[in-house]
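File shown here: model-v1.tsv, holding TSV, C-alpha atoms.
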```tsv
chain	number	residue	atom	x	y	z
A	5	GLY	CA	129.95	106.69	122.17
A	6	ALA	CA	133.20	108.52	122.68
A	7	VAL	CA	132.99	112.09	123.94
A	8	VAL	CA	134.93	115.10	122.78
A	9	SER	CA	134.66	118.24	124.86
A	10	GLN	CA	135.32	121.60	123.29
A	11	HIS	CA	135.68	124.80	125.28
A	12	PRO	CA	134.64	127.57	125.20
A	13	SER	CA	131.41	127.12	123.28
A	14	ARG	CA	131.15	130.83	122.63
A	15	VAL	CA	133.69	133.61	122.84
A	16	ILE	CA	133.57	137.27	121.97
A	17	CYS	CA	136.81	139.18	121.81
A	18	LYS	CA	138.19	142.48	120.64
A	19	SER	CA	140.17	142.76	117.46
A	20	GLY	CA	143.87	142.16	118.04
A	21	THR	CA	143.51	139.80	120.97
A	22	SER	CA	144.27	136.08	120.95
A	23	VAL	CA	141.78	133.36	121.72
A	24	LYS	CA	142.50	129.79	122.76
A	25	ILE	CA	140.07	126.94	122.11
A	26	GLU	CA	140.52	123.58	123.80
A	27	CYS	CA	139.54	120.18	122.50
A	28	ARG	CA	139.62	117.21	124.86
A	29	SER	CA	138.88	113.56	124.30
A	30	LEU	CA	137.23	112.53	127.54
A	31	ASP	CA	137.20	108.76	127.44
A	32	PHE	CA	139.69	107.80	124.80
A	33	GLN	CA	143.14	108.67	123.57
A	34	ALA	CA	143.62	110.54	120.36
A	35	THR	CA	147.03	110.84	118.74
A	36	THR	CA	145.36	112.77	115.96
A	37	MET	CA	142.81	115.53	116.18
A	38	PHE	CA	141.42	117.69	113.42
A	39	TRP	CA	140.43	121.34	113.44
A	40	TYR	CA	137.71	122.57	111.14
A	41	ARG	CA	136.21	125.93	110.39
A	42	GLN	CA	132.62	126.33	109.29
A	43	PHE	CA	130.92	129.41	107.88
A	44	PRO	CA	127.15	129.79	108.13
A	45	LYS	CA	125.25	127.27	106.02
A	46	GLN	CA	128.47	125.91	104.59
A	47	SER	CA	130.51	122.79	104.89
A	48	LEU	CA	133.41	122.09	107.21
A	49	MET	CA	136.76	123.26	105.96
A	50	LEU	CA	139.69	121.33	107.37
A	51	MET	CA	142.25	123.74	108.74
A	52	ALA	CA	144.88	121.43	110.18
A	53	THR	CA	145.66	118.00	111.53
A	54	SER	CA	146.95	118.07	115.07
A	55	ASN	CA	149.48	115.36	115.92
A	56	GLU	CA	150.35	114.50	119.49
A	57	GLY	CA	153.95	115.33	120.26
A	58	SER	CA	154.75	116.80	116.88
A	59	LYS	CA	153.93	119.74	114.67
A	60	ALA	CA	150.52	120.16	113.19
A	61	THR	CA	149.94	119.68	109.49
A	62	TYR	CA	148.20	122.67	107.99
A	63	GLU	CA	146.00	122.67	104.91
A	64	GLN	CA	146.89	124.85	102.00
A	65	GLY	CA	145.98	128.47	102.58
A	66	VAL	CA	145.81	128.21	106.37
A	67	GLU	CA	148.36	130.41	108.13
A	68	LYS	CA	150.19	128.40	110.76
A	69	ASP	CA	151.36	131.52	112.57
A	70	LYS	CA	147.80	132.76	112.72
A	71	PHE	CA	146.25	129.54	113.93
A	72	LEU	CA	148.60	127.97	116.46
A	73	ILE	CA	147.95	124.35	117.29
A	74	ASN	CA	149.39	122.48	120.25
A	75	HIS	CA	148.75	118.79	120.94
A	76	ALA	CA	150.75	118.21	124.09
A	77	SER	CA	148.95	115.14	125.37
A	78	LEU	CA	146.91	112.25	124.06
A	79	THR	CA	143.69	113.88	125.18
A	80	LEU	CA	144.15	117.58	124.54
A	81	SER	CA	144.66	119.77	121.52
A	82	THR	CA	144.42	123.55	121.54
A	83	LEU	CA	143.84	126.03	118.75
A	84	THR	CA	144.93	129.61	119.37
A	85	VAL	CA	143.68	132.28	117.01
A	86	THR	CA	146.35	134.96	117.30
A	87	SER	CA	145.70	138.65	116.76
A	88	ALA	CA	142.11	137.92	115.86
A	89	HIS	CA	140.28	140.08	113.36
A	90	PRO	CA	136.58	140.25	112.43
A	91	GLU	CA	137.17	138.01	109.41
A	92	ASP	CA	138.28	135.26	111.81
A	93	SER	CA	134.77	135.17	113.23
A	94	SER	CA	133.50	131.69	112.56
A	95	PHE	CA	132.44	128.38	114.04
A	96	TYR	CA	135.47	126.25	114.89
A	97	ILE	CA	134.99	122.52	115.39
A	98	CYS	CA	137.47	119.92	116.51
A	99	SER	CA	137.28	116.19	116.01
A	100	ALA	CA	139.27	113.21	117.16
A	101	ARG	CA	139.72	109.61	116.22
A	102	ASP	CA	140.07	106.91	118.85
A	103	SER	CA	143.68	105.83	118.36
A	104	GLY	CA	143.59	102.86	120.68
A	105	GLY	CA	141.08	100.75	122.54
A	106	ARG	CA	137.63	99.84	121.48
A	107	GLN	CA	137.33	101.09	118.00
A	108	GLY	CA	140.91	101.26	116.81
A	109	PRO	CA	142.36	103.86	114.51
A	110	ASN	CA	141.16	102.53	111.21
A	111	THR	CA	137.42	102.50	111.66
A	112	GLY	CA	137.36	105.95	110.17
A	113	GLU	CA	134.76	107.39	112.51
A	114	LEU	CA	135.45	110.82	113.91
A	115	PHE	CA	134.07	112.15	117.17
A	116	PHE	CA	133.27	115.83	117.14
A	117	GLY	CA	133.24	118.50	119.77
A	118	GLU	CA	130.23	120.79	120.03
A	119	GLY	CA	132.05	123.63	118.35
A	120	SER	CA	133.21	127.07	119.43
A	121	ARG	CA	131.62	130.16	118.01
A	122	LEU	CA	134.13	132.98	117.82
A	123	THR	CA	133.00	136.55	117.32
A	124	VAL	CA	135.68	139.18	116.88
A	125	LEU	CA	134.48	142.75	117.32
B	2	SER	CA	138.67	120.96	97.35
B	3	GLN	CA	135.27	119.43	97.88
B	4	GLN	CA	135.24	115.69	97.55
B	5	GLY	CA	131.66	114.93	98.42
B	6	GLU	CA	128.85	116.76	96.75
B	7	GLU	CA	125.41	116.18	98.15
B	8	ASP	CA	122.10	116.72	96.47
B	9	PRO	CA	119.59	118.08	96.91
B	10	GLN	CA	120.99	121.00	98.86
B	11	ALA	CA	117.72	121.37	100.71
B	12	LEU	CA	114.88	118.94	101.26
B	13	SER	CA	111.53	119.53	102.92
B	14	ILE	CA	109.22	116.62	103.66
B	15	GLN	CA	106.25	115.72	105.81
B	16	GLU	CA	106.70	113.68	108.96
B	17	GLY	CA	106.35	110.00	108.18
B	18	GLU	CA	107.72	110.30	104.66
B	19	ASN	CA	111.07	108.93	103.61
B	20	ALA	CA	114.00	111.24	102.92
B	21	THR	CA	116.62	110.34	100.34
B	22	MET	CA	119.87	112.26	100.11
B	23	ASN	CA	122.59	111.64	97.58
B	24	CYS	CA	126.32	112.18	97.59
B	25	SER	CA	128.80	112.00	94.74
B	26	TYR	CA	132.56	112.03	94.98
B	27	LYS	CA	135.48	112.19	92.60
B	28	THR	CA	138.42	110.08	93.75
B	29	SER	CA	138.89	106.57	95.10
B	30	ILE	CA	137.91	106.10	98.71
B	31	ASN	CA	138.32	103.63	101.54
B	32	ASN	CA	135.02	104.49	103.15
B	33	LEU	CA	132.17	106.95	103.04
B	34	GLN	CA	130.48	108.31	106.11
B	35	TRP	CA	127.36	110.29	106.84
B	36	TYR	CA	127.16	112.81	109.63
B	37	ARG	CA	124.36	114.88	111.05
B	38	GLN	CA	124.61	118.41	112.42
B	39	ASN	CA	121.92	120.22	114.35
B	40	SER	CA	122.04	123.97	113.99
B	41	GLY	CA	124.99	125.48	115.84
B	42	ARG	CA	126.19	122.13	117.16
B	43	GLY	CA	128.94	119.64	116.43
B	44	LEU	CA	128.61	116.73	114.08
B	45	VAL	CA	127.33	113.31	115.01
B	46	HIS	CA	128.45	110.22	113.16
B	47	LEU	CA	125.53	108.30	111.67
B	48	ILE	CA	126.91	105.48	109.61
B	49	LEU	CA	130.04	104.33	107.79
B	50	ILE	CA	130.13	102.18	104.69
B	51	ARG	CA	133.33	100.71	103.34
B	52	SER	CA	134.32	100.63	99.70
B	53	ASN	CA	133.72	96.88	99.51
B	54	GLU	CA	130.19	97.20	100.88
B	55	ARG	CA	127.12	98.04	98.83
B	56	GLU	CA	124.47	98.59	101.44
B	57	LYS	CA	124.25	99.07	105.16
B	58	HIS	CA	121.43	99.55	107.64
B	59	SER	CA	121.25	101.17	111.03
B	60	GLY	CA	117.82	101.61	112.56
B	61	ARG	CA	115.84	103.88	110.24
B	62	LEU	CA	118.92	104.62	108.16
B	63	ARG	CA	119.90	102.86	104.99
B	64	VAL	CA	123.06	103.74	103.12
B	65	THR	CA	124.08	102.53	99.70
B	66	LEU	CA	127.41	102.88	97.95
B	67	ASP	CA	128.09	102.52	94.24
B	68	THR	CA	131.81	102.79	93.69
B	69	SER	CA	131.45	102.48	89.93
B	70	LYS	CA	129.34	105.63	89.90
B	71	LYS	CA	131.19	107.17	92.83
B	72	SER	CA	127.96	107.87	94.61
B	73	SER	CA	126.16	107.12	97.84
B	74	SER	CA	122.67	107.62	99.13
B	75	LEU	CA	121.28	108.01	102.62
B	76	LEU	CA	117.68	107.02	103.18
B	77	ILE	CA	115.87	107.96	106.36
B	78	THR	CA	112.63	106.05	106.63
B	79	ALA	CA	109.53	107.20	108.50
B	80	SER	CA	111.01	110.62	109.14
B	81	ARG	CA	110.35	112.53	112.33
B	82	ALA	CA	110.44	116.24	113.09
B	83	ALA	CA	113.53	115.53	115.20
B	84	ASP	CA	115.36	114.44	112.05
B	85	THR	CA	115.45	118.08	110.97
B	86	ALA	CA	119.16	118.88	110.63
B	87	SER	CA	121.96	119.22	108.12
B	88	TYR	CA	123.44	116.02	106.76
B	89	PHE	CA	126.96	115.71	105.41
B	90	CYS	CA	128.69	112.95	103.55
B	91	ALA	CA	132.42	112.56	104.08
B	92	THR	CA	134.93	110.46	102.23
B	93	GLY	CA	137.74	108.72	104.00
B	94	HIS	CA	140.92	106.96	103.09
B	95	THR	CA	143.15	104.37	104.72
B	96	GLY	CA	145.46	105.17	107.60
B	97	ALA	CA	145.06	106.22	111.20
B	98	ASN	CA	145.77	109.84	110.40
B	99	SER	CA	143.70	110.02	107.27
B	100	LYS	CA	141.45	113.04	107.11
B	101	LEU	CA	137.85	113.18	106.07
B	102	THR	CA	136.68	115.46	103.31
B	103	PHE	CA	133.18	116.77	103.79
B	104	GLY	CA	130.58	117.70	101.23
B	105	LYS	CA	128.56	120.88	101.35
B	106	GLY	CA	125.70	119.32	103.22
B	107	ILE	CA	121.97	118.90	102.80
B	108	THR	CA	119.46	120.76	104.93
B	109	LEU	CA	116.57	118.49	105.80
B	110	SER	CA	113.37	119.93	107.19
B	111	VAL	CA	110.71	117.54	108.43
B	112	ARG	CA	107.35	119.19	108.92
B	113	PRO	CA	105.26	117.88	111.80
```
Now, as a test, write the supplied structure out as structure tokens.
Amino acid sequence: GAVVSQHPSRVICKSGTSVKIECRSLDFQATTMFWYRQFPKQSLMLMATSNEGSKATYEQGVEKDKFLINHASLTLSTLTVTSAHPEDSSFYICSARDSGGRQGPNTGELFFGEGSRLTVL
Amino acid sequence: SQQGEEDPQALSIQEGENATMNCSYKTSINNLQWYRQNSGRGLVHLILIRSNEREKHSGRLRVTLDTSKKSSSLLITASRAADTASYFCATGHTGANSKLTFGKGITLSVRP
């Protein structure tokens, strides 16, 4: 199956610093990627839809200036948590849909990265 | 808002038994998908069933969809300890950029 690489898998930072998380589709192109946040033992909460070459679409209640998303190429989207605070500590997961090739964009299946656990001290 | 709601929230069974997990949703959908998540890991796609399908099989997995009741079930037959994980249903709509809405998940524990 298609592979999505997410980096870093774990990051610990001090309050007030910014952290960048990368999401790469390794063997397919993805015009659209999704960023989720997951709290312990809870479901995935969609934060934003990342669109290649254009602005991300944020879900209600998600601060776009706090969570900066850049999707500069068909295989890479980045999420930057700016001025991180302890309440931003969470598990962040990206996903991508194969927008071309084998499976086509309308199969619905998403391919997920392994997640990035952010701890803000 | 939550679209999919799974039940039970937690399920513990003996290895070899079948596990049945249910999911209900509220609005019209194009497809419904089931994903699996091992602790601290990303999600893995298990199976997708479209709104015009009623049942689908994949190995030990069987998924049903009842659009009149807005519900789906995931059956894992002959469970194994390695099936221990969280399982999520997700509802999807048409369009290349359509997002999935995930339910709260079911924690399945399979005792060896």
Task: Selection: 9 Å around Ala52 (chain A), all atoms listed in the file, excl. self and same-chain fewer than 4 positions, as a list in words - done: Met37, Phe38, Trp39, Tyr40, Ala60, Thr61, Tyr62, Glu63, Val66, Lys68 and Ile73 of chain A
Open item on the list: If we count all atoms listed in the file and set the cut-off at 10 Å, which residues sit around Glu26 (chain A), ignoring sequence neighbours fewer than 3 positions away in its own chain? Please answer as number ranges by chain.
Closed with: A: 9-13, 73-75, 80-84, 98, 117, 120
Task: Nearby residues (only C-alpha atoms) at most 7 Å from Ile16 (chain A), same-chain spacing under 4 positions excluded, as a PyMOL selection string - done: chain A and resi 122-124
Within 12 Å of chain A, which residues of chain B come that close, and what is the closest atom pair and distance in Å for each? Count all atoms listed in the file and give it as a Markdown table.
```
| residue | atom | partner | partner_atom | distance |
| --- | --- | --- | --- | --- |
| B:Ser2 | CA | A:Met49 | CA | 9.1 |
| B:Gln3 | CA | A:Met49 | CA | 9.1 |
| B:Gln4 | CA | A:Ser47 | CA | 11.3 |
| B:Gly5 | CA | A:Ser47 | CA | 10.2 |
| B:Glu6 | CA | A:Ser47 | CA | 10.3 |
| B:Glu7 | CA | A:Ser47 | CA | 10.7 |
| B:Gln10 | CA | A:Lys45 | CA | 10.4 |
| B:Ala11 | CA | A:Lys45 | CA | 10.9 |
| B:Ile30 | CA | A:Gly112 | CA | 11.5 |
| B:Asn31 | CA | A:Gly112 | CA | 9.0 |
| B:Asn32 | CA | A:Gly112 | CA | 7.5 |
| B:Leu33 | CA | A:Gly112 | CA | 8.9 |
| B:Gln34 | CA | A:Glu113 | CA | 7.8 |
| B:Trp35 | CA | A:Glu113 | CA | 9.8 |
| B:Tyr36 | CA | A:Leu114 | CA | 9.5 |
| B:Arg37 | CA | A:Phe116 | CA | 10.8 |
| B:Gln38 | CA | A:Glu118 | CA | 9.8 |
| B:Asn39 | CA | A:Glu118 | CA | 10.1 |
| B:Ser40 | CA | A:Lys45 | CA | 9.2 |
| B:Gly41 | CA | A:Gly119 | CA | 7.7 |
| B:Arg42 | CA | A:Glu118 | CA | 5.1 |
| B:Gly43 | CA | A:Glu118 | CA | 4.0 |
| B:Leu44 | CA | A:Phe116 | CA | 5.6 |
| B:Val45 | CA | A:Phe116 | CA | 6.8 |
| B:His46 | CA | A:Glu113 | CA | 6.9 |
| B:Leu47 | CA | A:Glu113 | CA | 9.3 |
| B:Ile48 | CA | A:Glu113 | CA | 8.6 |
| B:Leu49 | CA | A:Glu113 | CA | 7.3 |
| B:Ile50 | CA | A:Gly112 | CA | 9.8 |
| B:Arg51 | CA | A:Thr111 | CA | 9.4 |
| B:Ala86 | CA | A:Lys45 | CA | 11.3 |
| B:Ser87 | CA | A:Lys45 | CA | 8.9 |
| B:Tyr88 | CA | A:Ser47 | CA | 10.0 |
| B:Phe89 | CA | A:Ser47 | CA | 7.9 |
| B:Cys90 | CA | A:Ser47 | CA | 10.1 |
| B:Ala91 | CA | A:Leu48 | CA | 10.1 |
| B:Thr92 | CA | A:Gly112 | CA | 9.4 |
| B:Gly93 | CA | A:Gly112 | CA | 6.8 |
| B:His94 | CA | A:Gly112 | CA | 8.0 |
| B:Thr95 | CA | A:Asn110 | CA | 7.0 |
| B:Gly96 | CA | A:Asn110 | CA | 6.2 |
| B:Ala97 | CA | A:Pro109 | CA | 4.9 |
| B:Asn98 | CA | A:Thr36 | CA | 6.3 |
| B:Ser99 | CA | A:Gly112 | CA | 8.1 |
| B:Lys100 | CA | A:Phe38 | CA | 7.8 |
| B:Leu101 | CA | A:Gly112 | CA | 8.3 |
| B:Thr102 | CA | A:Leu50 | CA | 7.7 |
| B:Phe103 | CA | A:Leu48 | CA | 6.3 |
| B:Gly104 | CA | A:Ser47 | CA | 6.3 |
| B:Lys105 | CA | A:Ser47 | CA | 4.5 |
| B:Gly106 | CA | A:Ser47 | CA | 6.2 |
| B:Ile107 | CA | A:Lys45 | CA | 9.5 |
| B:Thr108 | CA | A:Lys45 | CA | 8.8 |
```
Take the residues just selected and output them with C-alpha atoms as a compact mmCIF listing (two decimals), in the frame of the given file.
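Listed below is the output, out-v5.txt:
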```txt
# COMPACT_ATOMS: atom_id res chain seq x y z
CA SER B 2 138.67 120.96 97.35
CA GLN B 3 135.27 119.43 97.88
CA GLN B 4 135.24 115.69 97.55
CA GLY B 5 131.66 114.93 98.42
CA GLU B 6 128.85 116.76 96.75
CA GLU B 7 125.41 116.18 98.15
CA GLN B 10 120.99 121.00 98.86
CA ALA B 11 117.72 121.37 100.71
CA ILE B 30 137.91 106.10 98.71
CA ASN B 31 138.32 103.63 101.54
CA ASN B 32 135.02 104.49 103.15
CA LEU B 33 132.17 106.95 103.04
CA GLN B 34 130.48 108.31 106.11
CA TRP B 35 127.36 110.29 106.84
CA TYR B 36 127.16 112.81 109.63
CA ARG B 37 124.36 114.88 111.05
CA GLN B 38 124.61 118.41 112.42
CA ASN B 39 121.92 120.22 114.35
CA SER B 40 122.04 123.97 113.99
CA GLY B 41 124.99 125.48 115.84
CA ARG B 42 126.19 122.13 117.16
CA GLY B 43 128.94 119.64 116.43
CA LEU B 44 128.61 116.73 114.08
CA VAL B 45 127.33 113.31 115.01
CA HIS B 46 128.45 110.22 113.16
CA LEU B 47 125.53 108.30 111.67
CA ILE B 48 126.91 105.48 109.61
CA LEU B 49 130.04 104.33 107.79
CA ILE B 50 130.13 102.18 104.69
CA ARG B 51 133.33 100.71 103.34
CA ALA B 86 119.16 118.88 110.63
CA SER B 87 121.96 119.22 108.12
CA TYR B 88 123.44 116.02 106.76
CA PHE B 89 126.96 115.71 105.41
CA CYS B 90 128.69 112.95 103.55
CA ALA B 91 132.42 112.56 104.08
CA THR B 92 134.93 110.46 102.23
CA GLY B 93 137.74 108.72 104.00
CA HIS B 94 140.92 106.96 103.09
CA THR B 95 143.15 104.37 104.72
CA GLY B 96 145.46 105.17 107.60
CA ALA B 97 145.06 106.22 111.20
CA ASN B 98 145.77 109.84 110.40
CA SER B 99 143.70 110.02 107.27
CA LYS B 100 141.45 113.04 107.11
CA LEU B 101 137.85 113.18 106.07
CA THR B 102 136.68 115.46 103.31
CA PHE B 103 133.18 116.77 103.79
CA GLY B 104 130.58 117.70 101.23
CA LYS B 105 128.56 120.88 101.35
CA GLY B 106 125.70 119.32 103.22
CA ILE B 107 121.97 118.90 102.80
CA THR B 108 119.46 120.76 104.93
```
Task: Two-atom distance - CA of Ser59 (chain B), CA of Val111 (chain B) (Å) - done: 19.6 Å
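Shell of Asn23 (chain B) at 8 Å, with all atoms listed in the file counted and residues fewer than 6 places along the chain excluded, is Glu7, Asp8, Pro9, Ser72, Ser73, Ser74 and Leu75 of chain B.
Take CA of Asn53 (chain B) and CA of Thr78 (chain B): the distance between them is 24.1 Å.
Between CA of Arg112 (chain B) and CA of Ala79 (chain B) the separation is 12.2 Å.
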